[in-house]
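Reviewing the structure listed below.
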Amino acid sequence: MLAGALFLIGLPLLAQDEYQLHLACLIGCYWILIAGLNLAVGYTGQLSIGHVGLLAIGAYVFAILAGRNGVNPYLALGAAGGMGGLCGLLLGLPSLRLPGFYFAMSTLAFALIVSELILAQGGLTGGGVGLAVPGFPKPVDTPAGFYCLVLAVSAVVSLLAWNVARHMWGRALIAVRDSAVAAAAVGVPLFRLKLTVFVFSGVTAGLAGALFASLQSYITPDTFVFDLGLFFFVCIIIGGRGSILGPFLGTVVLTVLPEAVAPLARLGNFFYGLLLLMVVLLLPEGIGRLVSVLRERFWPVRLESVAVAPDLPRLARALGHKQP
Amino acid sequence: MSLAAQAVSRSFGGVAALSRVDLELVPGEIHGLIGPNGSGKTTLLNLLCGYYRPDEGRILADSVDLTAAPVERRAPAGVARSFQTPRLLPTLSVLDNAMLGGWRELRSGFVASALALPGARAEDARLRERATELLHGVGLGRVLGRAAGHLEHAEQRFLEIARALAAGPRYVLLDEPAGGLTGAEIAHLGGILGVLRGAGIGVLLVEHHTDFVFRVCDRVTTLDLGRVLARGTPAEVRSDAEVIRVYLGA
């Protein structure tokens with residue numbers, strides 16, 4: 001854990017060229033979105049494949065505010081997050097009541113609509129020509145400085161997601177995913193939870209979009225192809241549901257592998273499809289659980305059978321506390 | 001003070017599953033609900049839990065009208081349940097599953113939880129402590145960390161009970177809790193139900209295992225064809241001629 005953190009902080013010193021740092025920033029931007037999306041997809045089981053639309057909204061808000069209107073980039077970054085959250089709310093309100101498949105389709109439709117709107121509102125968004133996106137002021141104007149900003153936002157978003165996941169909200173989210181009936185029976189308001197988490201994922205997608213746009217320095221509607229939305233989704237599935245480390249590894253592996261191994265890049269989407277198929281068939285728990293699955297396979301832990309033996313006085317004490 | 005169904009009726013596709021049935025569950029009693037298959041036991045349970053709305057009649061918990069309240073409003077009103085087929089979260093630990101039952105006491109929202117504010121952490125710790133005590137109480141103290149998907153059948157049943165108790169309910173509805181248990185485990189279950197009664201909780205026991213029902217219950221209601229056939233102490237119901245003819249057999 002500590003070694004990993006030190007590695008991430010020291011990465012600008014270790015990187016051999018600017019391209020490696022650029023790749024690290026790209027992973028960071030993706031992860032900011034995926035860390036939020038993971039709570040919706042991996043924990044709550046809401047299969048959104050259209051978050052690329054929210055990413056695009058964050059990117060364009062940032063480009064229009066900071067680029068065209070000269071707003072302070074940090075304010076524009078915050079505005080992009082806010083707009084992402086608002087659009088997440090507007091998308092979630094009608095669609096989160098739909099059953100899984102139809103919900104996925106409505107997020108797909110959302111991404112397509114965003115793309116068309118960007119093209120249609122050329123006066124604001126530059127249409128098909130696109131927009132130039134400014135960087136951040138000193139000291140974040142160097143690649144290493146920008147990397148530190150991305151790292152800081154990633155760390156905050158990861159921490160928030162981790163806090164949610166390990167407390168009561170995390171248990172309730174998994175209950176919504178695995179047994180909506182049991183969740184409702186203990187009083188979990190299903191729709192409110194789904195919507196809250198979806199808005200959070202919208203905020204992180206908006207933040208990610210702003211940083212992503214600044215990293216790319218020029219955006220067009222083609223920057224936000226639908227494949228990217230599917231890519232985010234696949235990172236989570238390959239990483240493993242109900243974990244934070246797994247989807248992070250998924251994001252790193254799926255971003256780096258095609259870059260590092262040139263023949264894989266030629267395969268393009270075929271590579272993602274193949275990897276997804278292999279993981280779903282061979283390791284449905286995700287690559288985040290690879291070690292523990294292998295350990296279980298070769299050194300199975302024998303679960304000793306323990307006869308259920310109630311401790312009635314203790315039960316009475318536990319209940320007695322409760323009674324007014 | 002009671003959980004009550006008042007003259008509830010419910011039909012499915014023109015077939016009456018329940019017609020004008022009354023049931024009152026008071027704190028500190030174990031109330032058995034028995035009857036042949038299709039007599040309306042499950043329908044009545046689902047009306048009390050909010051999975052169905054009654055066509056007629058009312059559902060009240062301590063005089064609060066719950067007739068139109070959705071499922072997730074029943075737990076805050078003090079009504080908890082277990083399921084005929086245990087519905088646990090297989091990837092979470094036994095302790096996490098039991099803690100989930102305490103959701104209705106949670107005051108921290110998403111933001112407080114995401115920021116891990118002291119209040120949210122303290123709530124989590126309190127729920128953890130309560131769930132741990134309850135799990136030791138029902139006999140699962142040695143498997144707190146085990147994934148619920150790895151539990152044996154009896155353990156799953158007792159975990160469902162612990163989860164139902166985690167929010168400190170006034171009424172607990174148990175749907176065939178003795179199903180698939182061995183004799184020794186049923187005896188343990190009986191002990192647990194006795195403790196619940198002592199703690200002032202009203203227990204509704206929907207059960208096929210009539211010996212067990214007559215042994216542990218204070219009152220028994222027998223349904224047949226969607227109507228109340230007989231109601232009273234176990235001794236009265238057991239000797240009721242109609243009940244013997246329709247359900248118990250000679």
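For the structure tokens, the naming scheme is as follows: chains receive sequential letters (A, B, ...) according to their order of presentation, residues are indexed from 1 within each chain, and ligands are indexed from 1 in presentation order.
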
*Using only C-alpha atoms, find which residues of chain A lie within 6 Å of chain B and jot them down as a ChimeraX atom specification.*
/A:160,163-164,184-189,308-312,314-316,318,322

_Neighbour list for region 13-27 of chain A as a PyMOL selection string, cut-off 9 Å, only C-alpha atoms, skip fewer than 5 positions in-chain_ = chain A and resi 7+32+143-144+146-148+150-151+211-212+215+251-252+255-256+259

Requested write-out: N, CA and C atoms of the selected residues, as a CSV table (one decimal), in the first residue's frame:
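Everything below was put into out.csv:
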```csv
chain,number,residue,atom,x,y,z
A,7,PHE,N,5.3,5.0,-5.1
A,7,PHE,CA,5.6,4.9,-6.5
A,7,PHE,C,4.8,5.9,-7.3
A,32,ILE,N,-10.5,8.5,-12.4
A,32,ILE,CA,-11.4,9.4,-11.6
A,32,ILE,C,-12.8,9.1,-12.0
A,143,PRO,N,4.2,19.0,-17.5
A,143,PRO,CA,3.6,17.6,-17.4
A,143,PRO,C,3.6,17.0,-16.0
A,144,ALA,N,4.8,17.3,-15.3
A,144,ALA,CA,4.9,16.7,-13.9
A,144,ALA,C,3.9,17.4,-13.0
A,146,PHE,N,1.0,18.8,-13.9
A,146,PHE,CA,-0.4,18.3,-14.2
A,146,PHE,C,-0.6,16.9,-13.7
A,147,TYR,N,0.4,16.1,-13.8
A,147,TYR,CA,0.3,14.7,-13.2
A,147,TYR,C,0.0,14.8,-11.7
A,148,CYS,N,0.6,15.7,-11.0
A,148,CYS,CA,0.4,15.8,-9.6
A,148,CYS,C,-1.1,16.2,-9.3
A,150,VAL,N,-3.7,15.6,-11.3
A,150,VAL,CA,-4.5,14.4,-11.6
A,150,VAL,C,-4.4,13.4,-10.4
A,151,LEU,N,-3.2,13.2,-9.9
A,151,LEU,CA,-3.0,12.3,-8.8
A,151,LEU,C,-3.8,12.7,-7.6
A,211,LEU,N,-10.3,17.3,-16.7
A,211,LEU,CA,-8.8,17.0,-16.7
A,211,LEU,C,-8.4,16.3,-18.0
A,212,PHE,N,-9.3,15.4,-18.5
A,212,PHE,CA,-9.0,14.7,-19.7
A,212,PHE,C,-8.9,15.7,-20.9
A,215,LEU,N,-5.7,17.6,-20.7
A,215,LEU,CA,-4.6,16.7,-21.1
A,215,LEU,C,-4.5,16.6,-22.6
A,251,THR,N,-8.3,-0.8,-15.0
A,251,THR,CA,-8.0,0.5,-15.7
A,251,THR,C,-6.6,0.5,-16.2
A,252,VAL,N,-5.7,0.2,-15.3
A,252,VAL,CA,-4.2,0.3,-15.6
A,252,VAL,C,-3.9,-0.7,-16.7
A,255,THR,N,-5.5,0.1,-20.2
A,255,THR,CA,-4.9,1.3,-20.8
A,255,THR,C,-3.5,1.1,-21.3
A,256,VAL,N,-2.7,0.4,-20.4
A,256,VAL,CA,-1.3,0.2,-20.7
A,256,VAL,C,-1.0,-0.9,-21.7
A,259,GLU,N,-0.8,-0.1,-25.4
A,259,GLU,CA,0.2,0.8,-25.6
A,259,GLU,C,1.6,0.1,-25.6
```

*Out of region 27-205 of chain B, which residues get helix (DSSP H, G or I) from DSSP, as a VMD selection string?*
chain B and resid 41 to 49 71 to 73 94 to 105 110 to 114 118 to 138 141 to 143 148 to 150 153 to 165 183 to 198

*Of the candidates B:Asp65, B:Glu236, B:Asp224, B:Glu176, which one gets nearest to His208 (chain B) if we count only C-alpha atoms?*
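Smallest distance to His208 (chain B) is found for B:Glu176.
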
*Do you know which residues are at most 7 Å from Phe198 (chain A) counting only C-alpha atoms, after dropping those on the same chain fewer than 5 positions away, and could you put them as a PyMOL selection string?*
chain A and resi 40+88+92

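CA of Thr43 (chain B) to CA of Leu18 (chain B) spans 7.4 Å [interatomic distance, one decimal].
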
*asked:* Env of region 270-284 of chain A: 8 Å cut, atoms = only C-alpha atoms, seq-sep filter 6 positions within chain, self excluded. Answer as a list in words.
replied: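 Final neighbour list, sorted by chain and number: Val234, Ile237, Ile238, Gly240, Leu254, Leu264 and Leu290 of chain A.
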
Excluding same-chain residues fewer than 5 positions from Ile34 (chain A), what lies within 9 Å of it counting only C-alpha atoms, as a PDB file with N, CA and C atoms, in the first residue's frame?
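Output below, filename result33.pdb:
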```pdb
ATOM      1  N   CYS A  29      -7.042  10.136 -15.313  1.00  0.00           N
ATOM      2  CA  CYS A  29      -8.326  10.716 -15.732  1.00  0.00           C
ATOM      3  C   CYS A  29      -9.392   9.627 -15.839  1.00  0.00           C
ATOM      4  N   LEU A  39     -18.913   2.569  -8.156  1.00  0.00           N
ATOM      5  CA  LEU A  39     -19.937   2.462  -7.107  1.00  0.00           C
ATOM      6  C   LEU A  39     -21.290   2.148  -7.732  1.00  0.00           C
ATOM      7  N   SER A 201     -21.311   9.511  -9.343  1.00  0.00           N
ATOM      8  CA  SER A 201     -20.542   9.066 -10.520  1.00  0.00           C
ATOM      9  C   SER A 201     -20.572  10.141 -11.604  1.00  0.00           C
ATOM     10  N   THR A 204     -17.845  12.716 -10.604  1.00  0.00           N
ATOM     11  CA  THR A 204     -16.476  12.268 -10.912  1.00  0.00           C
ATOM     12  C   THR A 204     -16.262  12.221 -12.422  1.00  0.00           C
ATOM     13  N   ALA A 205     -17.309  11.886 -13.188  1.00  0.00           N
ATOM     14  CA  ALA A 205     -17.168  11.872 -14.651  1.00  0.00           C
ATOM     15  C   ALA A 205     -16.928  13.289 -15.165  1.00  0.00           C
ATOM     16  N   PHE A 232     -14.871   1.956 -20.169  1.00  0.00           N
ATOM     17  CA  PHE A 232     -14.994   2.180 -18.725  1.00  0.00           C
ATOM     18  C   PHE A 232     -15.721   1.015 -18.064  1.00  0.00           C
ATOM     19  N   PHE A 233     -16.784   0.603 -18.718  1.00  0.00           N
ATOM     20  CA  PHE A 233     -17.600  -0.486 -18.183  1.00  0.00           C
ATOM     21  C   PHE A 233     -16.777  -1.774 -18.090  1.00  0.00           C
ATOM     22  N   CYS A 235     -13.528  -2.102 -17.911  1.00  0.00           N
ATOM     23  CA  CYS A 235     -12.494  -2.000 -16.874  1.00  0.00           C
ATOM     24  C   CYS A 235     -13.035  -2.502 -15.533  1.00  0.00           C
ATOM     25  N   ILE A 236     -14.291  -2.153 -15.237  1.00  0.00           N
ATOM     26  CA  ILE A 236     -14.882  -2.536 -13.951  1.00  0.00           C
ATOM     27  C   ILE A 236     -15.183  -4.027 -13.926  1.00  0.00           C
ATOM     28  N   PRO A 247     -11.053  -2.863 -10.108  1.00  0.00           N
ATOM     29  CA  PRO A 247     -11.265  -1.971 -11.251  1.00  0.00           C
ATOM     30  C   PRO A 247     -10.088  -1.026 -11.496  1.00  0.00           C
ATOM     31  N   PHE A 248      -9.359  -0.651 -10.435  1.00  0.00           N
ATOM     32  CA  PHE A 248      -8.165   0.189 -10.652  1.00  0.00           C
ATOM     33  C   PHE A 248      -7.137  -0.586 -11.472  1.00  0.00           C
ATOM     34  N   THR A 251      -8.283  -0.771 -14.989  1.00  0.00           N
ATOM     35  CA  THR A 251      -8.044   0.468 -15.738  1.00  0.00           C
ATOM     36  C   THR A 251      -6.589   0.542 -16.198  1.00  0.00           C
TER      37      THR A 251
END
```

*What is the CA of Gly128 (chain A)-CA of Ala56 (chain A) distance in Å, reported with one decimal?*
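Between CA of Gly128 (chain A) and CA of Ala56 (chain A) the gap is 13.6 Å.
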
_Just to confirm, what's the straight-line distance from CA of Ile59 (chain B) to CA of Gly40 (chain B) in Å (one decimal)?_
15.9 Å

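Ranking A:Leu11, A:Val133, A:Ser48, A:Phe226 by their shortest atom-to-atom distance to Gly67 (chain A), with only C-alpha atoms included, puts A:Val133 first.
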
Near Leu119 (chain A), counting only C-alpha atoms, which residues have an atom at most 7 Å away, once you skip same-chain residues fewer than 4 positions from it, shown as a compact mmCIF listing (two decimals) with N, CA, C and O atoms, in the first residue's frame?
```txt
# COMPACT_ATOMS: atom_id res chain seq x y z
N SER A 115 -23.53 13.46 -27.86
CA SER A 115 -22.65 13.58 -29.02
C SER A 115 -23.32 14.40 -30.12
O SER A 115 -22.70 15.29 -30.72
N GLY A 127 -18.63 22.62 -32.84
CA GLY A 127 -19.15 21.58 -33.74
C GLY A 127 -18.13 20.51 -34.02
O GLY A 127 -17.38 20.09 -33.13
N GLY A 128 -18.07 20.08 -35.29
CA GLY A 128 -17.16 19.01 -35.66
C GLY A 128 -15.70 19.44 -35.63
O GLY A 128 -14.79 18.62 -35.54
N PRO A 221 -15.98 16.10 -31.05
CA PRO A 221 -16.93 15.03 -30.68
C PRO A 221 -16.32 13.65 -30.87
O PRO A 221 -16.65 12.72 -30.14
```
